[in-house]
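What follows is the content of final_17.cif (mmCIF, C-alpha atoms).
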```cif
data_target
loop_
_atom_site.label_atom_id
_atom_site.label_comp_id
_atom_site.auth_asym_id
_atom_site.auth_seq_id
_atom_site.Cartn_x
_atom_site.Cartn_y
_atom_site.Cartn_z
CA MET I 45 100.33 119.60 72.35
CA SER I 46 97.85 119.21 69.51
CA LYS I 47 95.60 122.08 68.57
CA GLN I 48 92.10 121.95 70.02
CA ARG I 49 89.70 121.53 67.15
CA LYS I 50 86.50 123.53 66.91
CA ALA I 51 83.14 122.42 65.57
CA VAL I 52 79.74 123.99 65.16
CA ALA I 53 76.70 121.83 65.89
CA LEU I 54 73.30 122.41 64.32
CA ILE I 55 71.05 122.60 67.37
CA SER I 56 67.34 122.17 66.74
CA GLY I 57 66.35 121.88 70.38
CA GLY I 58 65.58 118.17 70.06
CA LEU I 59 67.41 115.22 71.54
CA ASP I 60 69.46 114.04 68.56
CA SER I 61 71.38 117.24 67.97
CA MET I 62 71.95 117.53 71.72
CA LEU I 63 73.48 114.05 71.81
CA ALA I 64 75.53 114.61 68.68
CA ALA I 65 77.07 117.77 70.11
CA LYS I 66 77.73 116.13 73.48
CA THR I 67 79.37 113.09 71.84
CA VAL I 68 81.90 115.34 70.13
CA MET I 69 82.41 117.56 73.18
CA GLU I 70 83.30 114.43 75.15
CA GLN I 71 86.27 114.01 72.81
CA GLY I 72 87.72 117.37 73.77
CA VAL I 73 86.50 119.32 70.76
CA HIS I 74 85.33 122.90 71.36
CA VAL I 75 81.72 122.97 70.22
CA GLU I 76 79.37 125.90 69.72
CA GLY I 77 75.79 125.64 68.54
CA ILE I 78 74.01 127.23 65.62
CA ASN I 79 70.27 127.44 65.11
CA PHE I 80 68.52 128.79 62.03
CA PHE I 81 65.24 130.69 62.27
CA THR I 82 63.25 130.20 59.07
CA GLY I 83 60.00 131.75 60.28
CA PHE I 84 58.36 128.33 60.28
CA CYS I 85 59.96 127.08 63.48
CA VAL I 86 57.44 125.78 65.97
CA GLU I 87 59.50 127.04 68.92
CA GLY I 88 57.79 129.66 70.97
CA HIS I 89 55.33 131.37 68.68
CA THR I 90 52.02 129.69 69.31
CA HIS I 91 52.80 129.50 73.00
CA ALA I 92 53.27 133.23 72.98
CA ILE I 93 49.99 133.84 71.22
CA ARG I 94 47.39 131.56 72.72
CA ALA I 95 46.17 132.45 76.18
CA LYS I 96 45.43 128.82 76.98
CA ASP I 97 49.15 128.05 76.66
CA LYS I 98 50.21 130.80 79.05
CA ALA I 99 50.70 128.34 81.90
CA LYS I 100 53.10 126.19 79.85
CA PRO I 101 56.83 126.89 79.98
CA LYS I 102 57.80 129.18 77.13
CA ARG I 103 61.39 128.13 76.95
CA ASN I 104 63.16 128.00 73.63
CA ASN I 105 64.47 124.46 73.40
CA SER I 106 67.56 125.29 71.37
CA LEU I 107 68.64 127.81 74.02
CA TRP I 108 67.78 125.31 76.73
CA VAL I 109 69.85 122.59 75.03
CA ALA I 110 72.81 124.94 74.66
CA GLU I 111 72.58 125.77 78.34
CA GLN I 112 72.48 122.09 79.30
CA LEU I 113 75.54 121.48 77.14
CA GLY I 114 77.31 124.59 78.42
CA ILE I 115 77.93 125.91 74.92
CA LYS I 116 77.29 129.18 73.13
CA LEU I 117 74.41 129.27 70.69
CA HIS I 118 74.23 131.46 67.59
CA ILE I 119 70.67 131.97 66.36
CA VAL I 120 70.66 133.08 62.75
CA ASP I 121 67.77 134.80 61.01
CA VAL I 122 67.44 133.13 57.58
CA ILE I 123 63.84 134.19 56.88
CA GLU I 124 64.66 135.95 53.60
CA GLU I 125 67.07 133.37 52.22
CA TYR I 126 64.77 130.55 53.19
CA LYS I 127 62.05 131.73 50.81
CA ASP I 128 63.90 130.29 47.85
CA VAL I 129 64.22 126.93 49.64
CA LEU I 130 60.48 126.80 50.25
CA ILE I 131 59.35 128.17 46.89
CA ASN I 132 61.78 126.27 44.65
CA PRO I 133 62.83 123.05 46.38
CA LYS I 134 65.08 121.10 44.03
CA HIS I 135 64.20 117.85 45.78
CA GLY I 136 60.51 118.60 46.17
CA TYR I 137 58.20 118.54 49.16
CA GLY I 138 57.43 115.85 51.70
CA ALA I 139 53.91 114.86 52.72
CA ASN I 140 52.99 118.54 53.13
CA MET I 141 54.80 121.75 52.16
CA ASN I 142 57.97 120.60 53.91
CA PRO I 143 61.06 120.77 51.69
CA CYS I 144 63.05 118.80 54.28
CA LEU I 145 65.94 117.68 52.11
CA ASP I 146 66.51 121.11 50.57
CA CYS I 147 66.14 122.62 54.02
CA LYS I 148 68.85 120.41 55.47
CA ILE I 149 71.15 121.14 52.53
CA PHE I 150 70.51 124.86 53.01
CA MET I 151 71.25 124.76 56.74
CA VAL I 152 74.40 122.71 56.39
CA ASN I 153 75.53 125.10 53.67
CA LYS I 154 74.92 128.05 56.01
CA ALA I 155 76.89 126.26 58.71
CA LYS I 156 79.69 125.69 56.18
CA GLN I 157 79.79 129.45 55.52
CA TRP I 158 79.77 130.08 59.27
CA ILE I 159 82.75 127.82 60.01
CA ALA I 160 84.70 129.44 57.18
CA GLU I 161 84.00 132.92 58.57
CA ASN I 162 84.70 131.97 62.17
CA GLY I 163 87.72 129.68 61.85
CA TYR I 164 86.01 126.44 62.85
CA ASP I 165 87.05 123.02 61.58
CA PHE I 166 83.91 121.00 60.98
CA ILE I 167 80.12 120.69 61.30
CA ILE I 168 78.07 118.36 63.49
CA THR I 169 74.46 117.32 62.91
CA GLY I 170 72.23 114.96 64.84
CA GLU I 171 71.09 113.10 61.73
CA VAL I 172 70.39 109.38 62.00
CA ILE I 173 69.97 107.18 58.94
CA GLY I 174 66.35 106.14 58.58
CA GLN I 175 65.09 108.50 61.28
CA ARG I 176 63.06 110.69 58.95
CA PRO I 177 61.42 109.54 55.72
CA MET I 178 62.51 112.41 53.51
CA SER I 179 65.77 113.91 54.67
CA GLN I 180 67.40 111.25 56.84
CA ARG I 181 67.86 108.24 54.58
CA LYS I 182 70.98 106.38 53.54
CA GLU I 183 70.68 107.85 50.01
CA THR I 184 70.20 111.41 51.21
CA MET I 185 73.21 111.57 53.52
CA PRO I 186 75.76 111.98 50.69
CA ILE I 187 73.42 114.33 48.83
CA ILE I 188 73.32 116.67 51.83
CA ALA I 189 77.09 116.54 52.26
CA ARG I 190 77.73 117.15 48.58
CA GLU I 191 75.10 119.74 47.71
CA SER I 192 75.72 121.79 50.86
CA GLY I 193 79.39 121.99 49.95
CA ALA I 194 80.32 120.66 53.39
CA ASP I 195 81.48 117.32 51.95
CA ASP I 196 83.61 115.48 54.47
CA LEU I 197 83.55 118.34 56.96
CA LEU I 198 80.07 117.14 57.92
CA LEU I 199 80.15 114.69 60.83
CA ARG I 200 77.05 112.82 62.01
CA PRO I 201 78.25 111.34 65.29
CA LEU I 202 75.09 109.29 65.94
CA CYS I 203 75.37 107.28 62.72
CA ALA I 204 78.98 107.91 61.69
CA LYS I 205 79.91 104.25 61.78
CA ASN I 206 77.35 103.56 59.06
CA LEU I 207 78.93 106.15 56.79
CA PRO I 208 82.36 106.66 55.19
CA ALA I 209 84.89 108.30 57.52
CA THR I 210 84.85 112.08 57.40
CA LEU I 211 87.85 114.39 57.58
CA PRO I 212 87.58 114.86 61.39
CA GLU I 213 87.71 111.07 61.76
CA ARG I 214 90.50 110.49 59.25
CA GLU I 215 92.62 113.25 60.77
CA GLY I 216 92.05 111.94 64.28
CA TRP I 217 90.30 115.11 65.48
CA VAL I 218 87.64 112.72 66.74
CA ASP I 219 87.93 109.02 67.48
CA ARG I 220 85.59 107.14 65.13
CA ALA I 221 85.52 104.23 67.58
CA LYS I 222 83.69 106.45 70.06
CA LEU I 223 80.99 107.45 67.56
CA PHE I 224 77.77 105.52 66.96
CA ASP I 225 75.94 103.39 64.41
CA PHE I 226 72.34 104.31 65.15
CA SER I 227 69.80 103.74 62.38
CA GLY I 228 66.05 103.50 61.95
CA ARG I 229 63.13 105.16 63.65
CA SER I 230 63.61 103.62 67.08
CA ARG I 231 64.42 106.17 69.76
CA LYS I 232 65.79 103.60 72.20
CA PRO I 233 69.49 104.06 71.32
CA GLN I 234 69.15 107.83 71.74
CA MET I 235 67.34 107.44 75.05
CA GLY I 236 70.05 105.08 76.26
CA LEU I 237 72.77 107.51 75.24
CA ALA I 238 70.90 110.38 76.89
CA ALA I 239 70.78 108.40 80.12
CA SER I 240 74.50 107.67 79.92
CA PHE I 241 75.17 111.41 79.59
CA GLY I 242 72.85 112.11 82.53
CA PHE I 243 70.25 113.90 80.43
CA ASN I 244 66.98 113.19 82.18
CA GLU I 245 64.97 115.87 80.45
CA TYR I 246 64.81 116.70 76.78
CA ALA I 247 62.32 117.96 74.24
CA GLN I 248 60.60 115.41 72.05
CA PRO I 249 58.64 117.44 69.55
CA ALA I 250 55.98 115.32 67.88
CA GLY I 251 56.16 115.71 64.11
CA GLY I 252 59.34 117.74 64.13
CA CYS I 253 60.01 121.38 64.81
CA CYS I 254 58.67 122.95 61.62
CA PHE I 255 55.14 124.14 60.81
CA LEU I 256 55.63 123.09 57.19
CA THR I 257 55.26 119.44 58.20
CA ASP I 258 51.76 120.24 59.47
CA ALA I 259 48.92 119.48 57.02
CA SER I 260 46.66 122.24 58.26
CA TYR I 261 49.39 124.88 58.16
CA SER I 262 50.45 123.75 54.69
CA ALA I 263 46.88 124.02 53.40
CA LYS I 264 46.74 127.61 54.63
CA LEU I 265 50.03 128.42 52.95
CA VAL I 266 48.86 126.96 49.62
CA ASP I 267 45.60 128.91 49.93
CA LEU I 268 47.57 132.11 50.55
CA TRP I 269 49.59 131.59 47.40
CA GLN I 270 46.56 130.67 45.30
CA ALA I 271 44.71 133.76 46.48
CA ARG I 272 47.64 135.84 45.25
CA ASP I 273 47.55 134.37 41.73
CA ASN I 274 50.29 131.91 42.65
CA ASN I 275 52.69 134.65 43.63
CA LYS I 276 54.58 132.69 46.26
CA GLN I 277 56.39 135.57 47.89
CA TYR I 278 55.54 136.13 51.52
CA ASP I 279 56.65 138.18 54.46
CA LEU I 280 56.98 137.26 58.10
CA ASP I 281 53.54 138.60 59.02
CA ASP I 282 51.94 136.42 56.33
CA ILE I 283 53.39 133.24 57.75
CA MET I 284 52.81 134.24 61.37
CA LEU I 285 49.14 134.84 60.70
CA LEU I 286 48.80 131.34 59.25
CA LYS I 287 49.53 130.06 62.76
CA VAL I 288 46.75 132.05 64.37
CA GLY I 289 42.97 131.76 64.38
CA ARG I 290 40.35 130.00 62.33
CA HIS I 291 40.87 130.67 58.60
CA ILE I 292 37.72 130.84 56.47
CA ARG I 293 37.55 131.63 52.75
CA PRO I 294 33.90 132.10 51.76
CA ARG I 295 34.81 133.66 48.39
CA PRO I 296 38.00 133.75 46.32
CA SER I 297 38.08 137.52 46.90
CA PHE I 298 38.57 137.41 50.66
CA LYS I 299 39.58 135.35 53.66
CA MET I 300 38.62 135.78 57.30
CA ILE I 301 40.90 135.10 60.25
CA VAL I 302 38.73 134.60 63.33
CA ALA I 303 40.40 134.72 66.74
CA ARG I 304 39.64 131.54 68.65
CA GLU I 305 40.38 132.91 72.06
CA GLU I 306 41.56 135.96 73.99
CA GLY I 307 45.28 135.56 73.32
CA GLU I 308 44.73 135.28 69.58
CA GLY I 309 42.43 138.29 69.71
CA ARG I 310 45.15 140.34 71.37
CA PHE I 311 47.68 139.18 68.79
CA LEU I 312 45.39 140.04 65.88
CA GLN I 313 44.79 143.51 67.35
CA GLY I 314 48.34 144.29 66.27
CA TYR I 315 47.27 143.98 62.63
CA LYS I 316 44.38 146.46 62.69
CA LYS I 317 46.21 148.93 60.48
CA GLU I 318 46.95 146.36 57.81
CA PHE I 319 43.55 144.68 57.55
CA ILE I 320 39.86 145.49 57.58
CA THR I 321 38.62 144.19 60.93
CA MET I 322 35.24 143.21 62.29
CA ASN I 323 33.85 142.60 65.75
CA CYS I 324 30.38 142.33 67.24
CA THR I 325 29.28 145.35 69.24
CA SER I 326 25.81 144.32 70.40
CA HIS I 327 27.19 141.08 71.82
CA SER I 328 30.64 139.87 72.77
CA GLY I 329 32.58 138.11 70.05
CA PRO I 330 35.99 137.60 68.50
CA LEU I 331 38.11 139.98 66.50
CA VAL I 332 38.14 139.07 62.81
CA LEU I 333 40.67 140.16 60.17
CA ILE I 334 39.51 140.37 56.57
CA ASP I 335 42.24 139.67 54.02
CA GLY I 336 41.88 140.33 50.30
CA SER I 337 39.64 142.65 48.28
CA PRO I 338 36.11 142.10 49.51
CA SER I 339 33.14 143.71 47.75
CA ALA I 340 30.31 145.34 49.71
CA GLU I 341 28.37 142.09 49.38
CA ASP I 342 31.39 140.12 50.64
CA LEU I 343 31.61 142.37 53.69
CA TYR I 344 27.96 141.76 54.48
CA LEU I 345 28.58 138.00 54.30
CA ALA I 346 31.71 138.37 56.46
CA ALA I 347 29.67 140.29 59.05
CA GLY I 348 27.16 137.42 59.19
CA ILE I 349 30.00 134.98 59.77
CA THR I 350 31.57 137.25 62.39
CA ALA I 351 28.23 137.33 64.18
CA ARG I 352 28.07 133.54 64.00
CA TYR I 353 31.20 133.33 66.15
CA GLY I 354 29.93 135.75 68.82
CA GLN I 355 27.58 135.34 71.76
CA GLY I 356 24.75 136.63 69.61
CA ARG I 357 24.83 133.68 67.24
CA ASP I 358 21.19 132.84 68.04
CA ALA I 359 19.95 136.44 67.98
CA GLU I 360 17.72 137.80 65.24
CA GLN I 361 20.10 140.69 64.64
CA VAL I 362 23.66 141.51 65.64
CA ASP I 363 25.54 144.78 65.27
CA VAL I 364 28.97 144.29 63.74
CA ALA I 365 31.56 147.06 63.62
CA LEU I 366 33.63 147.21 60.47
CA THR I 367 36.88 149.14 60.78
CA GLY I 368 38.92 150.08 57.74
CA LYS I 369 42.70 150.15 57.60
CA ASP I 370 42.46 153.93 58.08
CA GLY I 371 40.54 153.45 61.33
CA ALA I 372 37.19 154.61 59.90
CA GLU I 373 34.40 152.62 61.52
CA ARG I 374 30.86 151.82 60.45
CA SER I 375 28.24 149.47 61.75
CA ILE I 376 26.43 146.68 59.90
CA GLN I 377 23.31 144.97 61.21
CA VAL I 378 23.13 141.32 60.24
CA LYS I 379 21.45 138.08 61.07
CA PRO I 380 24.17 135.60 62.10
CA LEU I 381 24.74 132.75 59.69
CA LEU I 382 23.45 129.40 60.85
CA ALA I 383 25.91 126.56 61.32
CA ASP I 384 24.69 124.79 58.18
CA GLU I 385 25.17 127.97 56.16
CA LEU I 386 28.94 127.66 56.60
CA PRO I 387 30.04 124.91 54.22
CA GLU I 388 33.00 122.85 55.35
CA GLU I 389 34.95 123.75 52.22
CA TRP I 390 35.11 127.36 53.38
CA PHE I 391 37.37 126.29 56.25
CA ILE I 392 41.03 126.17 55.25
CA MET H 94 79.65 152.77 79.27
CA SER H 95 76.59 153.38 77.15
CA ARG H 96 72.98 152.33 77.50
CA GLU H 97 70.86 151.53 74.49
CA ILE H 98 67.25 150.55 74.00
CA LEU H 99 66.00 147.79 71.73
CA ASN H 100 62.35 147.85 70.75
CA ALA H 101 61.33 144.22 70.28
CA ARG H 102 57.58 144.83 70.63
CA ARG H 103 55.33 142.63 68.46
CA LEU H 104 58.20 140.28 67.73
CA LEU H 105 57.73 136.68 68.73
CA CYS H 106 60.56 134.58 70.08
CA PRO H 107 63.16 133.84 68.96
CA LEU H 108 63.20 137.14 67.03
CA PRO H 109 63.73 139.29 70.16
CA VAL H 110 66.71 137.07 71.00
CA ILE H 111 68.10 137.40 67.49
CA ARG H 112 67.69 141.19 67.55
CA THR H 113 69.34 141.30 70.99
CA GLN H 114 72.20 139.14 69.77
CA ASP H 115 72.73 141.35 66.73
CA LYS H 116 72.58 144.54 68.80
CA VAL H 117 75.02 143.26 71.42
CA LYS H 118 77.56 142.41 68.69
CA GLY H 119 78.06 146.14 68.16
CA MET H 120 78.36 147.00 71.86
CA GLN H 121 81.28 147.00 74.28
CA PRO H 122 81.76 145.00 77.51
CA GLY H 123 80.05 146.88 80.34
CA ASP H 124 77.51 148.56 78.04
CA GLN H 125 73.87 148.09 78.95
CA LEU H 126 70.98 147.18 76.71
CA GLU H 127 67.32 147.59 77.61
CA VAL H 128 65.13 145.21 75.62
CA ILE H 129 61.39 145.86 75.54
CA GLY H 130 59.12 143.17 74.16
CA THR H 131 55.51 142.01 74.16
CA ASP H 132 56.14 138.24 73.88
CA PRO H 133 56.29 136.85 77.42
CA GLY H 134 58.82 134.33 76.10
CA VAL H 135 61.49 137.04 76.29
CA MET H 136 61.48 136.72 80.08
CA GLN H 137 62.81 133.20 79.71
CA ASP H 138 64.72 133.31 76.45
CA ILE H 139 66.79 136.47 76.86
CA PRO H 140 68.10 135.52 80.33
CA ALA H 141 68.91 132.03 78.95
CA TRP H 142 70.71 133.59 76.01
CA CYS H 143 72.62 135.87 78.42
CA ARG H 144 73.65 132.96 80.63
CA ILE H 145 75.09 130.91 77.77
CA ASN H 146 76.83 133.86 76.17
CA GLY H 147 78.34 135.43 79.28
CA HIS H 148 76.14 138.51 79.65
CA LYS H 149 74.49 139.62 82.86
CA VAL H 150 70.80 140.34 83.42
CA LEU H 151 70.55 143.41 85.66
CA GLU H 152 66.79 143.86 85.79
CA THR H 153 63.53 142.39 84.54
CA GLN H 154 60.07 143.94 84.69
CA ALA H 155 56.64 142.92 83.44
CA HIS H 156 53.96 145.58 83.21
CA ASP H 157 50.71 145.83 81.30
CA GLY H 158 51.60 143.30 78.61
CA GLU H 159 55.14 144.60 78.12
CA TYR H 160 58.33 142.97 79.29
CA MET H 161 61.59 144.78 79.93
CA ILE H 162 65.01 143.26 80.46
CA VAL H 163 68.18 145.21 81.13
CA LEU H 164 71.38 143.34 80.41
CA GLU H 165 75.03 144.19 80.75
CA VAL H 166 77.29 143.08 77.94
CA GLY H 167 79.93 140.61 79.10
CA GLY H 168 83.61 140.57 78.20
#
```

How does the structure come out when it is put into structure tokens?
Amino acid sequence: MSKQRKAVALISGGLDSMLAAKTVMEQGVHVEGINFFTGFCVEGHTHAIRAKDKAKPKRNNSLWVAEQLGIKLHIVDVIEEYKDVLINPKHGYGANMNPCLDCKIFMVNKAKQWIAENGYDFIITGEVIGQRPMSQRKETMPIIARESGADDLLLRPLCAKNLPATLPEREGWVDRAKLFDFSGRSRKPQMGLAASFGFNEYAQPAGGCCFLTDASYSAKLVDLWQARDNNKQYDLDDIMLLKVGRHIRPRPSFKMIVAREEGEGRFLQGYKKEFITMNCTSHSGPLVLIDGSPSAEDLYLAAGITARYGQGRDAEQVDVALTGKDGAERSIQVKPLLADELPEEWFI
Amino acid sequence: MSREILNARRLLCPLPVIRTQDKVKGMQPGDQLEVIGTDPGVMQDIPAWCRINGHKVLETQAHDGEYMIVLEVGG
């Protein structure tokens, strides 16, 4: 009896990786999933923060996919290692701050390390030629295989027939005839295959599963770096906070993060020891974090903006509490800024 | 059998799952782990992670913005 081969599938939580894993499982290969957490993954976070999303299911799609497939899933924290991918992408960025090609190379390389450490035979991805403009093109497929070090241990079951045979195919671990030749941006072949597997429900994230593909998020990240004299290092809290609130930079010396609703306010409360905070006391209003090194004049301006976002926006005077990182509190009386006193370019 | 506590407060999913996964790696079958988090997503994600990895959820509780899950490490 031949040895049962083992593969690890990169599981994003979307349909393609789910189908790719299932295609190989159908051939009798033992498959387990791997998912990499970069800190920029869309999964979960904003749902957890914003109160208005509380009614939505908070499931993690990669876990859900693994459960549907009946496979184990290994979620790997790559936040630290990923910094170099984001800061120094060899192949550059996409439309925003998304280093998609370098990211894919990085993840396949991590999967290559994982199979070596765990005695697995090959790697599966749900890539489809032409599906994504930066990382999933005919020219990039060999680059990913080569630069990740996975070479012909990397099997893309959904478009394998459009690519040279990999080791699993040549060795007969999988039957190439039962793999696919999908290409292009159409989702119809995937939807047909999903139906044939009996998958009636699957996640279809619009714009991918990474915040770095989002123009607004990317602008906030670039602003963060610029405000730190182009020091591009970051920690997890930095990148989490870019997902929350309204970000306003009235002066180069400081930025305000204004909670847009109750859930964000609660989330920002957790940062009161790391930031100067403001909130209206004479009227109700949002919690505001002040990032940077504001002068006394800057703080007065920030208080006026804070008041603008509270219920006292039309009042002659609003009391704003300013709390330092040490918890010391003082009160500032301000007239709220008028809408036309907040130039659009202040909003990041 | 031992019982350990994992403080996953302020972490957003999937970090509580990752911390749980890493903690369980060092535990023995039958050991219990109490995970306490503030992200409501843990109530869905940690049981899902347990189901696919062969661990058993013994208890879940939600109280005053905190979520607690007790799991038993599988074999």

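Taking all atoms listed in the file into account, the polymer residues that have an atom no farther than 6 Å from (55.7, 139.5, 71.8) are H:Arg102, H:Arg103, H:Leu104, H:Leu105, H:Gly130, H:Thr131, H:Asp132.
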
Self-check item: Atomic separation - atom CA of Asp196 of chain I relative to atom CA of Thr184 of chain I, Å
Solution: 14.4 Å

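Across the structure, atom CA of Cys324 of chain I and atom CA of Gly368 of chain I are spaced 14.9 Å apart.
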
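In plain terms, chain H touches chain I through Arg103, Leu104, Leu105, Cys106, Pro107, Leu108, Val110, Ile111, Arg112, Gln114, Asp115, Thr131, Asp132, Pro133, Gly134, Val135, Met136, Gln137, Asp138, Ile139, Pro140, Ala141, Trp142, Cys143, Arg144, Ile145, Asn146 and Gly147 of chain H, where touching means an atom at most 10 Å away, counting only C-alpha atoms.
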
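Distances to Ile162 of chain H were evaluated for H:Gly123, H:Thr113, H:Val150, H:Ala101 using all atoms listed in the file, and the minimum falls at H:Val150.
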
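Picture a line from atom CA of Gln277 of chain I to atom CA of Glu125 of chain I; it runs 11.7 Å.
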
Self-check item: Within 6 Å of Ile129 of chain H using all atoms listed in the file, minus same-chain residues under 2 positions, as number ranges by chain
Solution: H: 100-101, 160-161

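Residues in contact with Ile392 of chain I at 9 Å, where only C-alpha atoms are counted and same-chain residues fewer than 2 positions away are skipped, are listed as I:Ser260, I:Tyr261, I:Ala263, I:Lys264, I:Asp267, I:Arg290, I:His291, I:Ile292, I:Arg293, I:Glu388, I:Glu389, I:Trp390.
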